[in-house]
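K.L.:
One file is attached below, structure-v5.cif, containing mmCIF, C-alpha atoms.
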data_final
#
loop_
_atom_site.group_PDB
_atom_site.id
_atom_site.type_symbol
_atom_site.label_atom_id
_atom_site.label_comp_id
_atom_site.auth_asym_id
_atom_site.auth_seq_id
_atom_site.Cartn_x
_atom_site.Cartn_y
_atom_site.Cartn_z
ATOM 1 C CA MET A 161 14.859 -0.838 15.842
ATOM 2 C CA ALA A 162 12.261 -3.105 17.396
ATOM 3 C CA ASP A 163 11.051 -6.141 15.454
ATOM 4 C CA PRO A 164 9.109 -4.765 12.445
ATOM 5 C CA ASP A 165 6.480 -7.499 12.540
ATOM 6 C CA ALA A 166 5.789 -6.931 16.229
ATOM 7 C CA VAL A 167 5.563 -3.148 15.835
ATOM 8 C CA ALA A 168 3.301 -3.467 12.785
ATOM 9 C CA LYS A 169 1.003 -5.948 14.494
ATOM 10 C CA GLN A 170 0.692 -3.729 17.555
ATOM 11 C CA PHE A 171 0.121 -0.632 15.430
ATOM 12 C CA ILE A 172 -2.554 -2.265 13.251
ATOM 13 C CA THR A 173 -4.468 -3.590 16.236
ATOM 14 C CA TYR A 174 -4.299 -0.213 17.964
ATOM 15 C CA TYR A 175 -5.205 1.745 14.822
ATOM 16 C CA TYR A 176 -8.355 -0.148 13.879
ATOM 17 C CA THR A 177 -9.548 -0.631 17.449
ATOM 18 C CA THR A 178 -9.226 3.115 17.965
ATOM 19 C CA PHE A 179 -10.816 3.942 14.584
ATOM 20 C CA ASP A 180 -13.805 1.734 15.310
ATOM 21 C CA GLY A 181 -14.122 3.048 18.867
ATOM 22 C CA GLY A 182 -13.918 6.760 18.009
ATOM 23 C CA ARG A 183 -11.999 8.118 15.031
ATOM 24 C CA GLN A 184 -11.168 11.423 16.728
ATOM 25 C CA ASN A 185 -8.881 9.520 19.098
ATOM 26 C CA LEU A 186 -6.452 8.760 16.246
ATOM 27 C CA HIS A 187 -5.124 12.347 16.404
ATOM 28 C CA PRO A 188 -1.977 11.536 18.439
ATOM 29 C CA LEU A 189 -0.844 9.092 15.719
ATOM 30 C CA TYR A 190 -0.462 11.907 13.158
ATOM 31 C CA LYS A 191 1.829 14.963 12.991
ATOM 32 C CA PRO A 192 1.504 18.343 11.260
ATOM 33 C CA THR A 193 3.563 16.892 8.372
ATOM 34 C CA SER A 194 1.404 13.768 7.934
ATOM 35 C CA MET A 195 -0.518 13.069 4.733
ATOM 36 C CA LEU A 196 -3.737 11.117 4.127
ATOM 37 C CA THR A 197 -5.214 10.114 0.774
ATOM 38 C CA PHE A 198 -8.702 8.747 1.392
ATOM 39 C CA GLU A 199 -10.476 7.442 -1.708
ATOM 40 C CA GLY A 200 -8.410 9.843 -3.781
ATOM 41 C CA ALA A 201 -8.968 12.919 -1.594
ATOM 42 C CA GLN A 202 -5.735 14.299 -0.174
ATOM 43 C CA VAL A 203 -5.407 16.119 3.153
ATOM 44 C CA ALA A 204 -2.332 17.106 5.146
ATOM 45 C CA GLY A 205 -1.673 17.600 8.852
ATOM 46 C CA ALA A 206 -3.090 15.824 11.901
ATOM 47 C CA ASP A 207 -5.932 18.332 12.398
ATOM 48 C CA ALA A 208 -7.160 18.128 8.785
ATOM 49 C CA ILE A 209 -6.759 14.344 8.728
ATOM 50 C CA ILE A 210 -8.906 13.845 11.810
ATOM 51 C CA GLU A 211 -11.437 16.364 10.508
ATOM 52 C CA LYS A 212 -11.631 14.328 7.288
ATOM 53 C CA LEU A 213 -12.040 10.999 9.098
ATOM 54 C CA VAL A 214 -14.678 12.346 11.485
ATOM 55 C CA SER A 215 -16.605 13.962 8.623
ATOM 56 C CA LEU A 216 -16.969 10.737 6.622
ATOM 57 C CA PRO A 217 -20.638 9.826 6.244
ATOM 58 C CA LEU A 218 -20.125 6.532 8.006
ATOM 59 C CA GLY A 219 -21.828 5.282 11.087
ATOM 60 C CA SER A 220 -20.311 2.730 13.389
ATOM 61 C CA LEU A 221 -17.760 0.588 11.553
ATOM 62 C CA ARG A 222 -15.837 -2.566 12.140
ATOM 63 C CA HIS A 223 -12.537 -3.252 10.371
ATOM 64 C CA ASN A 224 -11.529 -6.891 10.012
ATOM 65 C CA VAL A 225 -7.913 -7.261 8.917
ATOM 66 C CA SER A 226 -7.289 -10.075 6.402
ATOM 67 C CA THR A 227 -3.588 -9.580 5.632
ATOM 68 C CA GLN A 228 -0.797 -7.383 6.956
ATOM 69 C CA ASP A 229 2.647 -7.020 5.412
ATOM 70 C CA VAL A 230 5.535 -4.958 6.719
ATOM 71 C CA GLN A 231 8.974 -3.974 5.449
ATOM 72 C CA PRO A 232 11.596 -1.969 7.326
ATOM 73 C CA ILE A 233 12.560 1.345 5.714
ATOM 74 C CA GLU A 234 14.968 4.120 6.752
ATOM 75 C CA ASN A 235 13.807 5.301 10.184
ATOM 76 C CA GLY A 236 10.505 3.567 9.869
ATOM 77 C CA LEU A 237 8.200 0.899 8.543
ATOM 78 C CA LEU A 238 6.103 0.402 5.438
ATOM 79 C CA ILE A 239 2.851 -1.438 6.154
ATOM 80 C CA SER A 240 0.218 -2.718 3.740
ATOM 81 C CA VAL A 241 -3.129 -3.975 5.030
ATOM 82 C CA THR A 242 -6.073 -5.624 3.285
ATOM 83 C CA GLY A 243 -9.348 -6.309 5.027
ATOM 84 C CA GLN A 244 -13.078 -5.977 5.266
ATOM 85 C CA LEU A 245 -15.111 -3.041 6.462
ATOM 86 C CA LEU A 246 -18.507 -3.730 7.937
ATOM 87 C CA ALA A 247 -20.950 -0.895 8.561
ATOM 88 C CA GLU A 248 -23.459 -1.150 11.392
ATOM 89 C CA GLY A 249 -26.610 -2.853 10.232
ATOM 90 C CA GLU A 250 -24.993 -4.069 7.004
ATOM 91 C CA SER A 251 -24.313 -7.720 6.289
ATOM 92 C CA ASN A 252 -22.183 -7.268 3.165
ATOM 93 C CA PRO A 253 -18.620 -6.220 3.947
ATOM 94 C CA GLN A 254 -16.660 -3.869 1.697
ATOM 95 C CA PHE A 255 -13.062 -4.724 0.915
ATOM 96 C CA PHE A 256 -10.321 -2.201 1.555
ATOM 97 C CA THR A 257 -6.596 -1.736 1.302
ATOM 98 C CA GLN A 258 -4.579 0.702 3.398
ATOM 99 C CA THR A 259 -0.914 1.652 3.255
ATOM 100 C CA PHE A 260 0.906 3.258 6.176
ATOM 101 C CA LEU A 261 4.375 4.708 6.270
ATOM 102 C CA LEU A 262 5.380 4.929 9.932
ATOM 103 C CA LYS A 263 8.344 7.046 10.989
ATOM 104 C CA SER A 264 10.154 6.490 14.246
ATOM 105 C CA ASP A 265 10.065 9.297 16.766
ATOM 106 C CA GLY A 266 12.361 8.241 19.574
ATOM 107 C CA PRO A 267 10.895 5.062 21.012
ATOM 108 C CA SER A 268 7.531 5.448 19.288
ATOM 109 C CA TYR A 269 6.145 5.784 15.770
ATOM 110 C CA TYR A 270 3.806 8.154 14.000
ATOM 111 C CA VAL A 271 1.932 7.936 10.688
ATOM 112 C CA GLN A 272 3.717 10.048 8.084
ATOM 113 C CA ASN A 273 1.759 8.654 5.099
ATOM 114 C CA ASP A 274 -1.658 6.992 4.946
ATOM 115 C CA ILE A 275 -3.443 5.850 1.760
ATOM 116 C CA PHE A 276 -6.891 4.229 1.943
ATOM 117 C CA ARG A 277 -8.900 2.668 -0.887
ATOM 118 C CA LEU A 278 -12.011 0.567 -1.103
ATOM 119 C CA VAL A 279 -11.622 -2.376 -3.492
ATOM 120 C CA TYR A 280 -14.723 -2.927 -5.576
ATOM 121 C CA ALA A 281 -14.994 -6.569 -6.455
ATOM 122 C CA MET B 28 11.469 16.780 -7.717
ATOM 123 C CA ALA B 29 9.284 16.133 -10.751
ATOM 124 C CA ASP B 30 5.511 16.165 -10.344
ATOM 125 C CA PRO B 31 4.667 13.103 -8.187
ATOM 126 C CA ASP B 32 1.462 12.318 -10.081
ATOM 127 C CA ALA B 33 3.239 12.405 -13.436
ATOM 128 C CA VAL B 34 6.116 10.229 -12.221
ATOM 129 C CA ALA B 35 3.733 7.731 -10.607
ATOM 130 C CA LYS B 36 1.555 7.505 -13.697
ATOM 131 C CA GLN B 37 4.567 6.922 -15.921
ATOM 132 C CA PHE B 38 6.021 4.360 -13.524
ATOM 133 C CA ILE B 39 2.772 2.403 -13.181
ATOM 134 C CA THR B 40 2.217 2.241 -16.924
ATOM 135 C CA TYR B 41 5.814 1.134 -17.474
ATOM 136 C CA TYR B 42 5.778 -1.397 -14.636
ATOM 137 C CA TYR B 43 2.648 -3.303 -15.635
ATOM 138 C CA THR B 44 3.315 -3.145 -19.379
ATOM 139 C CA THR B 45 6.763 -4.605 -18.727
ATOM 140 C CA PHE B 46 5.437 -7.195 -16.258
ATOM 141 C CA ASP B 47 2.817 -8.397 -18.716
ATOM 142 C CA GLY B 48 5.301 -8.397 -21.600
ATOM 143 C CA GLY B 49 8.094 -10.287 -19.830
ATOM 144 C CA ARG B 50 8.640 -10.143 -16.081
ATOM 145 C CA GLN B 51 12.407 -10.663 -16.354
ATOM 146 C CA ASN B 52 12.681 -7.212 -17.928
ATOM 147 C CA LEU B 53 11.728 -5.560 -14.598
ATOM 148 C CA HIS B 54 15.260 -6.211 -13.255
ATOM 149 C CA PRO B 55 16.593 -2.670 -13.896
ATOM 150 C CA LEU B 56 13.854 -1.217 -11.683
ATOM 151 C CA TYR B 57 15.235 -2.955 -8.577
ATOM 152 C CA LYS B 58 18.532 -2.623 -6.687
ATOM 153 C CA PRO B 59 20.484 -5.027 -4.461
ATOM 154 C CA THR B 60 18.817 -3.340 -1.451
ATOM 155 C CA SER B 61 15.246 -3.676 -2.783
ATOM 156 C CA MET B 62 12.613 -5.745 -0.982
ATOM 157 C CA LEU B 63 9.562 -7.587 -2.307
ATOM 158 C CA THR B 64 6.772 -9.169 -0.281
ATOM 159 C CA PHE B 65 4.617 -11.221 -2.649
ATOM 160 C CA GLU B 66 1.579 -12.832 -1.044
ATOM 161 C CA GLY B 67 3.427 -12.846 2.266
ATOM 162 C CA ALA B 68 6.711 -14.291 0.912
ATOM 163 C CA GLN B 69 9.646 -11.935 1.410
ATOM 164 C CA VAL B 70 12.676 -11.724 -0.893
ATOM 165 C CA ALA B 71 15.470 -9.152 -1.076
ATOM 166 C CA GLY B 72 17.685 -7.910 -3.887
ATOM 167 C CA ALA B 73 16.984 -7.412 -7.603
ATOM 168 C CA ASP B 74 18.217 -10.888 -8.595
ATOM 169 C CA ALA B 75 16.073 -12.727 -6.035
ATOM 170 C CA ILE B 76 13.062 -10.526 -6.774
ATOM 171 C CA ILE B 77 13.161 -11.267 -10.501
ATOM 172 C CA GLU B 78 13.761 -14.952 -9.796
ATOM 173 C CA LYS B 79 10.643 -14.922 -7.604
ATOM 174 C CA LEU B 80 8.501 -13.125 -10.194
ATOM 175 C CA VAL B 81 9.650 -15.370 -13.039
ATOM 176 C CA SER B 82 9.073 -18.523 -10.956
ATOM 177 C CA LEU B 83 5.427 -17.720 -10.195
ATOM 178 C CA PRO B 84 3.160 -20.411 -11.649
ATOM 179 C CA LEU B 85 1.363 -17.883 -13.821
ATOM 180 C CA GLY B 86 1.011 -17.879 -17.551
ATOM 181 C CA SER B 87 0.448 -14.770 -19.551
ATOM 182 C CA LEU B 88 -1.175 -12.058 -17.423
ATOM 183 C CA ARG B 89 -2.821 -8.739 -17.925
ATOM 184 C CA HIS B 90 -2.931 -6.116 -15.157
ATOM 185 C CA ASN B 91 -5.722 -3.543 -15.344
ATOM 186 C CA VAL B 92 -5.169 -0.651 -12.942
ATOM 187 C CA SER B 93 -8.329 0.629 -11.216
ATOM 188 C CA THR B 94 -6.883 3.255 -8.862
ATOM 189 C CA GLN B 95 -3.473 4.793 -8.263
ATOM 190 C CA ASP B 96 -2.553 7.075 -5.365
ATOM 191 C CA VAL B 97 0.761 8.777 -4.760
ATOM 192 C CA GLN B 98 2.313 10.799 -1.949
ATOM 193 C CA PRO B 99 5.739 12.451 -1.954
ATOM 194 C CA ILE B 100 8.159 11.186 0.679
ATOM 195 C CA GLU B 101 11.774 12.042 1.520
ATOM 196 C CA ASN B 102 13.780 11.386 -1.662
ATOM 197 C CA GLY B 103 10.993 9.437 -3.234
ATOM 198 C CA LEU B 104 7.373 8.527 -3.728
ATOM 199 C CA LEU B 105 4.873 6.255 -2.041
ATOM 200 C CA ILE B 106 2.453 4.668 -4.514
ATOM 201 C CA SER B 107 -0.590 2.497 -3.850
ATOM 202 C CA VAL B 108 -2.330 0.685 -6.697
ATOM 203 C CA THR B 109 -5.508 -1.388 -6.859
ATOM 204 C CA GLY B 110 -6.541 -3.305 -9.921
ATOM 205 C CA GLN B 111 -7.540 -6.498 -11.636
ATOM 206 C CA LEU B 112 -5.361 -9.340 -12.781
ATOM 207 C CA LEU B 113 -6.555 -11.440 -15.693
ATOM 208 C CA ALA B 114 -4.841 -14.712 -16.538
ATOM 209 C CA GLU B 115 -4.766 -15.941 -20.125
ATOM 210 C CA GLY B 116 -7.824 -18.005 -20.901
ATOM 211 C CA GLU B 117 -9.606 -16.881 -17.713
ATOM 212 C CA SER B 118 -12.663 -14.679 -17.742
ATOM 213 C CA ASN B 119 -12.840 -13.936 -13.997
ATOM 214 C CA PRO B 120 -10.328 -11.322 -12.897
ATOM 215 C CA GLN B 121 -8.615 -11.438 -9.509
ATOM 216 C CA PHE B 122 -8.332 -8.243 -7.528
ATOM 217 C CA PHE B 123 -4.970 -7.062 -6.280
ATOM 218 C CA THR B 124 -3.322 -4.256 -4.354
ATOM 219 C CA GLN B 125 0.318 -3.273 -4.707
ATOM 220 C CA THR B 126 2.404 -0.749 -2.781
ATOM 221 C CA PHE B 127 5.633 0.704 -4.149
ATOM 222 C CA LEU B 128 8.148 2.884 -2.380
ATOM 223 C CA LEU B 129 10.252 4.532 -5.087
ATOM 224 C CA LYS B 130 13.547 6.222 -4.233
ATOM 225 C CA SER B 131 15.128 8.820 -6.449
ATOM 226 C CA ASP B 132 18.488 7.971 -7.954
ATOM 227 C CA GLY B 133 19.666 11.098 -9.706
ATOM 228 C CA PRO B 134 17.080 11.876 -12.375
ATOM 229 C CA SER B 135 15.422 8.437 -12.210
ATOM 230 C CA TYR B 136 13.709 6.234 -9.635
ATOM 231 C CA TYR B 137 14.054 2.651 -8.471
ATOM 232 C CA VAL B 138 11.791 0.369 -6.438
ATOM 233 C CA GLN B 139 13.088 0.136 -2.884
ATOM 234 C CA ASN B 140 9.952 -1.557 -1.471
ATOM 235 C CA ASP B 141 7.261 -3.601 -3.205
ATOM 236 C CA ILE B 142 4.316 -5.315 -1.491
ATOM 237 C CA PHE B 143 1.792 -7.324 -3.512
ATOM 238 C CA ARG B 144 -1.450 -8.924 -2.306
ATOM 239 C CA LEU B 145 -4.428 -10.516 -3.959
ATOM 240 C CA VAL B 146 -7.732 -9.343 -2.478
ATOM 241 C CA TYR B 147 -10.212 -12.169 -2.142
ATOM 242 C CA ALA B 148 -13.690 -10.796 -2.462
#
Just give me the structure of the file as structure tokens.

P.N.:
Amino acid sequence: MADPDAVAKQFITYYYTTFDGGRQNLHPLYKPTSMLTFEGAQVAGADAIIEKLVSLPLGSLRHNVSTQDVQPIENGLLISVTGQLLAEGESNPQFFTQTFLLKSDGPSYYVQNDIFRLVYA
Amino acid sequence: MADPDAVAKQFITYYYTTFDGGRQNLHPLYKPTSMLTFEGAQVAGADAIIEKLVSLPLGSLRHNVSTQDVQPIENGLLISVTGQLLAEGESNPQFFTQTFLLKSDGPSYYVQNDIFRLVYA
């Protein structure tokens, strides 16, 4: 397997750049078996996940990653991210944490599990 | 497999009650293959993990869980927790996020992966 830190770094950069540029473009990262829990709401499958993300009542967003941790697991990687979320026109960021379980699929990876939570400080 | 929500709830209650009562008693939850990343520092194996937790320059602590999310994975559970950490004699809590990957081991579970981060708001 490729270096976990390098894969995680590349994934995180790609994920949030794509999210902030147009959430619908995240579709190829998910599979029919993938699961998302977003603020406690659970959806399954790439189509439903993208539908959920696109339907969020959020305008343009910017994710700033504060910390990223990765551990290798069987056929994949476990990634934990903390960061700040800034909505367009807002000056106060919200804090978030997101956990990804990536599974390898030949030379590439997909998101099998995704859990997102805002942290209210 | 047992109900993921029920297992996660029971695990989380047990984990933080035990941590706050005496961190060294968490040893049976980890295996020689387990991994912990604590504030970016990585250790592997139950012995080293407990040594790390016991060595933290923290007095008596209380964890208050704010949110807990769980997803079933192959032979296990993925759990993401957010909460507040209150040190003895302190009135300002610190916010934290913790990710656990539990693997089933017959009828019980152990912690294969553990990632802890403070969230600075």

K.L.:
Fewer than 5 positions away in the same chain doesn't count, so skip those; otherwise give me all residues within 6 Å of region 135-141 of chain B, counting all atoms listed in the file, as a compact mmCIF listing (two decimals) with C-alpha atoms, in the frame of the given file.

P.N.:
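Contents of around.txt, as written:
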# COMPACT_ATOMS: atom_id res chain seq x y z
CA LEU B 56 13.85 -1.22 -11.68
CA TYR B 57 15.24 -2.96 -8.58
CA SER B 61 15.25 -3.68 -2.78
CA MET B 62 12.61 -5.74 -0.98
CA LEU B 63 9.56 -7.59 -2.31
CA THR B 126 2.40 -0.75 -2.78
CA PHE B 127 5.63 0.70 -4.15
CA LEU B 128 8.15 2.88 -2.38
CA LEU B 129 10.25 4.53 -5.09
CA LYS B 130 13.55 6.22 -4.23

K.L.:
Restricting the calculation to all atoms listed in the file, which member of A:Gly266, A:Gly219, A:Pro253, A:Gly182 is positioned closest to Gly236 (chain A)?

P.N.:
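Ranked by minimum distance to Gly236 (chain A), first place goes to A:Gly266.
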
K.L.:
Kindly provide, as a ChimeraX atom specification, the residues of chain B having any atom no farther than 8 Å from an atom of chain A, counting all atoms listed in the file.

P.N.:
/B:62,64,67,96,98,107,109,122,124,126,140,142,144,146,148

K.L.:
Pull C-alpha atoms from the residues just selected and write them as an mmCIF file, keeping the file's coordinate frame.

P.N.:
data_model
loop_
_atom_site.group_PDB
_atom_site.id
_atom_site.type_symbol
_atom_site.label_atom_id
_atom_site.label_comp_id
_atom_site.auth_asym_id
_atom_site.auth_seq_id
_atom_site.Cartn_x
_atom_site.Cartn_y
_atom_site.Cartn_z
ATOM 1 C CA MET B 62 12.613 -5.745 -0.982
ATOM 2 C CA THR B 64 6.772 -9.169 -0.281
ATOM 3 C CA GLY B 67 3.427 -12.846 2.266
ATOM 4 C CA ASP B 96 -2.553 7.075 -5.365
ATOM 5 C CA GLN B 98 2.313 10.799 -1.949
ATOM 6 C CA SER B 107 -0.590 2.497 -3.850
ATOM 7 C CA THR B 109 -5.508 -1.388 -6.859
ATOM 8 C CA PHE B 122 -8.332 -8.243 -7.528
ATOM 9 C CA THR B 124 -3.322 -4.256 -4.354
ATOM 10 C CA THR B 126 2.404 -0.749 -2.781
ATOM 11 C CA ASN B 140 9.952 -1.557 -1.471
ATOM 12 C CA ILE B 142 4.316 -5.315 -1.491
ATOM 13 C CA ARG B 144 -1.450 -8.924 -2.306
ATOM 14 C CA VAL B 146 -7.732 -9.343 -2.478
ATOM 15 C CA ALA B 148 -13.690 -10.796 -2.462
#

K.L.:
Please identify all polymer residues lying at most 9 Å from the point (-1.9, -17.1, -12.9) (file coordinates), using all atoms listed in the file, and present the result as a list in words.

P.N.:
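With a cut-off of 9 Å, the residues come to Leu83, Pro84, Leu85, Gly86, Ser87, Leu88, Leu112, Leu113, Ala114 and Glu115 of chain B.
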
K.L.:
Please save C-alpha atoms of the selected residues as a PDB file, keeping the file's coordinate frame.

P.N.:
ATOM      1  CA  LEU B  83       5.427 -17.720 -10.195  1.00  0.00           C
ATOM      2  CA  PRO B  84       3.160 -20.411 -11.649  1.00  0.00           C
ATOM      3  CA  LEU B  85       1.363 -17.883 -13.821  1.00  0.00           C
ATOM      4  CA  GLY B  86       1.011 -17.879 -17.551  1.00  0.00           C
ATOM      5  CA  SER B  87       0.448 -14.770 -19.551  1.00  0.00           C
ATOM      6  CA  LEU B  88      -1.175 -12.058 -17.423  1.00  0.00           C
ATOM      7  CA  LEU B 112      -5.361  -9.340 -12.781  1.00  0.00           C
ATOM      8  CA  LEU B 113      -6.555 -11.440 -15.693  1.00  0.00           C
ATOM      9  CA  ALA B 114      -4.841 -14.712 -16.538  1.00  0.00           C
ATOM     10  CA  GLU B 115      -4.766 -15.941 -20.125  1.00  0.00           C
TER      11      GLU B 115
END

K.L.:
Output the coordinates of chain A after least-squares fitting to chain B on all in-order C-alpha pairs, as a short mmCIF file (atom, residue, chain, number, x, y, z; two decimals) with C-alpha atoms, in the frame of the given file.

P.N.:
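Okay, out.cif is ready:
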data_model
loop_
_atom_site.label_atom_id
_atom_site.label_comp_id
_atom_site.auth_asym_id
_atom_site.auth_seq_id
_atom_site.Cartn_x
_atom_site.Cartn_y
_atom_site.Cartn_z
CA MET A 161 11.47 16.77 -7.70
CA ALA A 162 9.29 16.15 -10.73
CA ASP A 163 5.51 16.16 -10.33
CA PRO A 164 4.66 13.10 -8.19
CA ASP A 165 1.47 12.31 -10.08
CA ALA A 166 3.24 12.40 -13.43
CA VAL A 167 6.13 10.22 -12.22
CA ALA A 168 3.74 7.73 -10.61
CA LYS A 169 1.56 7.50 -13.70
CA GLN A 170 4.58 6.92 -15.92
CA PHE A 171 6.04 4.36 -13.53
CA ILE A 172 2.78 2.40 -13.18
CA THR A 173 2.24 2.24 -16.92
CA TYR A 174 5.83 1.14 -17.49
CA TYR A 175 5.79 -1.39 -14.64
CA TYR A 176 2.66 -3.30 -15.64
CA THR A 177 3.33 -3.13 -19.37
CA THR A 178 6.77 -4.60 -18.72
CA PHE A 179 5.44 -7.19 -16.25
CA ASP A 180 2.82 -8.38 -18.71
CA GLY A 181 5.29 -8.39 -21.60
CA GLY A 182 8.08 -10.29 -19.81
CA ARG A 183 8.65 -10.14 -16.07
CA GLN A 184 12.41 -10.67 -16.34
CA ASN A 185 12.68 -7.22 -17.92
CA LEU A 186 11.74 -5.56 -14.61
CA HIS A 187 15.26 -6.21 -13.27
CA PRO A 188 16.61 -2.68 -13.91
CA LEU A 189 13.85 -1.22 -11.70
CA TYR A 190 15.24 -2.96 -8.59
CA LYS A 191 18.55 -2.63 -6.69
CA PRO A 192 20.49 -5.03 -4.46
CA THR A 193 18.83 -3.34 -1.45
CA SER A 194 15.26 -3.68 -2.78
CA MET A 195 12.62 -5.74 -0.99
CA LEU A 196 9.56 -7.59 -2.33
CA THR A 197 6.77 -9.17 -0.29
CA PHE A 198 4.62 -11.22 -2.65
CA GLU A 199 1.57 -12.83 -1.04
CA GLY A 200 3.44 -12.85 2.25
CA ALA A 201 6.71 -14.28 0.90
CA GLN A 202 9.64 -11.93 1.38
CA VAL A 203 12.68 -11.72 -0.90
CA ALA A 204 15.47 -9.15 -1.08
CA GLY A 205 17.69 -7.91 -3.90
CA ALA A 206 16.99 -7.41 -7.60
CA ASP A 207 18.23 -10.89 -8.60
CA ALA A 208 16.08 -12.73 -6.03
CA ILE A 209 13.07 -10.52 -6.78
CA ILE A 210 13.17 -11.26 -10.49
CA GLU A 211 13.77 -14.95 -9.79
CA LYS A 212 10.65 -14.92 -7.59
CA LEU A 213 8.51 -13.13 -10.19
CA VAL A 214 9.66 -15.38 -13.03
CA SER A 215 9.08 -18.51 -10.95
CA LEU A 216 5.43 -17.72 -10.19
CA PRO A 217 3.17 -20.40 -11.64
CA LEU A 218 1.37 -17.88 -13.80
CA GLY A 219 1.02 -17.88 -17.52
CA SER A 220 0.43 -14.76 -19.53
CA LEU A 221 -1.18 -12.05 -17.41
CA ARG A 222 -2.83 -8.73 -17.91
CA HIS A 223 -2.93 -6.11 -15.15
CA ASN A 224 -5.73 -3.55 -15.34
CA VAL A 225 -5.17 -0.65 -12.96
CA SER A 226 -8.33 0.62 -11.23
CA THR A 227 -6.88 3.24 -8.87
CA GLN A 228 -3.48 4.80 -8.27
CA ASP A 229 -2.56 7.07 -5.38
CA VAL A 230 0.76 8.77 -4.77
CA GLN A 231 2.31 10.80 -1.96
CA PRO A 232 5.73 12.45 -1.97
CA ILE A 233 8.14 11.19 0.69
CA GLU A 234 11.77 12.06 1.51
CA ASN A 235 13.77 11.39 -1.66
CA GLY A 236 10.98 9.44 -3.22
CA LEU A 237 7.37 8.52 -3.73
CA LEU A 238 4.87 6.24 -2.04
CA ILE A 239 2.45 4.65 -4.51
CA SER A 240 -0.60 2.49 -3.86
CA VAL A 241 -2.33 0.67 -6.71
CA THR A 242 -5.51 -1.39 -6.87
CA GLY A 243 -6.55 -3.31 -9.94
CA GLN A 244 -7.55 -6.50 -11.64
CA LEU A 245 -5.36 -9.35 -12.79
CA LEU A 246 -6.56 -11.44 -15.68
CA ALA A 247 -4.84 -14.71 -16.53
CA GLU A 248 -4.78 -15.94 -20.12
CA GLY A 249 -7.84 -18.00 -20.88
CA GLU A 250 -9.62 -16.88 -17.70
CA SER A 251 -12.69 -14.68 -17.73
CA ASN A 252 -12.86 -13.94 -14.00
CA PRO A 253 -10.35 -11.31 -12.90
CA GLN A 254 -8.63 -11.44 -9.51
CA PHE A 255 -8.34 -8.23 -7.53
CA PHE A 256 -4.98 -7.06 -6.28
CA THR A 257 -3.33 -4.27 -4.37
CA GLN A 258 0.32 -3.28 -4.71
CA THR A 259 2.40 -0.75 -2.80
CA PHE A 260 5.63 0.70 -4.15
CA LEU A 261 8.15 2.87 -2.40
CA LEU A 262 10.25 4.53 -5.10
CA LYS A 263 13.54 6.20 -4.22
CA SER A 264 15.13 8.81 -6.43
CA ASP A 265 18.48 7.98 -7.94
CA GLY A 266 19.64 11.13 -9.68
CA PRO A 267 17.08 11.87 -12.36
CA SER A 268 15.43 8.45 -12.19
CA TYR A 269 13.71 6.23 -9.63
CA TYR A 270 14.06 2.66 -8.48
CA VAL A 271 11.79 0.37 -6.44
CA GLN A 272 13.10 0.13 -2.89
CA ASN A 273 9.96 -1.56 -1.48
CA ASP A 274 7.26 -3.60 -3.21
CA ILE A 275 4.31 -5.32 -1.49
CA PHE A 276 1.78 -7.32 -3.52
CA ARG A 277 -1.45 -8.93 -2.31
CA LEU A 278 -4.43 -10.52 -3.98
CA VAL A 279 -7.73 -9.34 -2.49
CA TYR A 280 -10.21 -12.16 -2.13
CA ALA A 281 -13.70 -10.80 -2.41
#

K.L.:
With all atoms listed in the file as the basis for distance, which of A:Val225, A:Leu186, A:Ala162, A:Ile172 is at the shortest distance from Glu211 (chain A)?

P.N.:
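Counting all atoms listed in the file, the residue closest to Glu211 (chain A) is A:Leu186.
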
K.L.:
Quote the spacing between CA of Asp207 (chain A) and CA of Ala166 (chain A) in Å to one decimal place.

P.N.:
28.1 Å

K.L.:
For Phe171 (chain A), which of A:Asn252, A:Asp265, A:Leu237, A:Lys212 is the closest residue, counting all atoms listed in the file?

P.N.:
A:Leu237
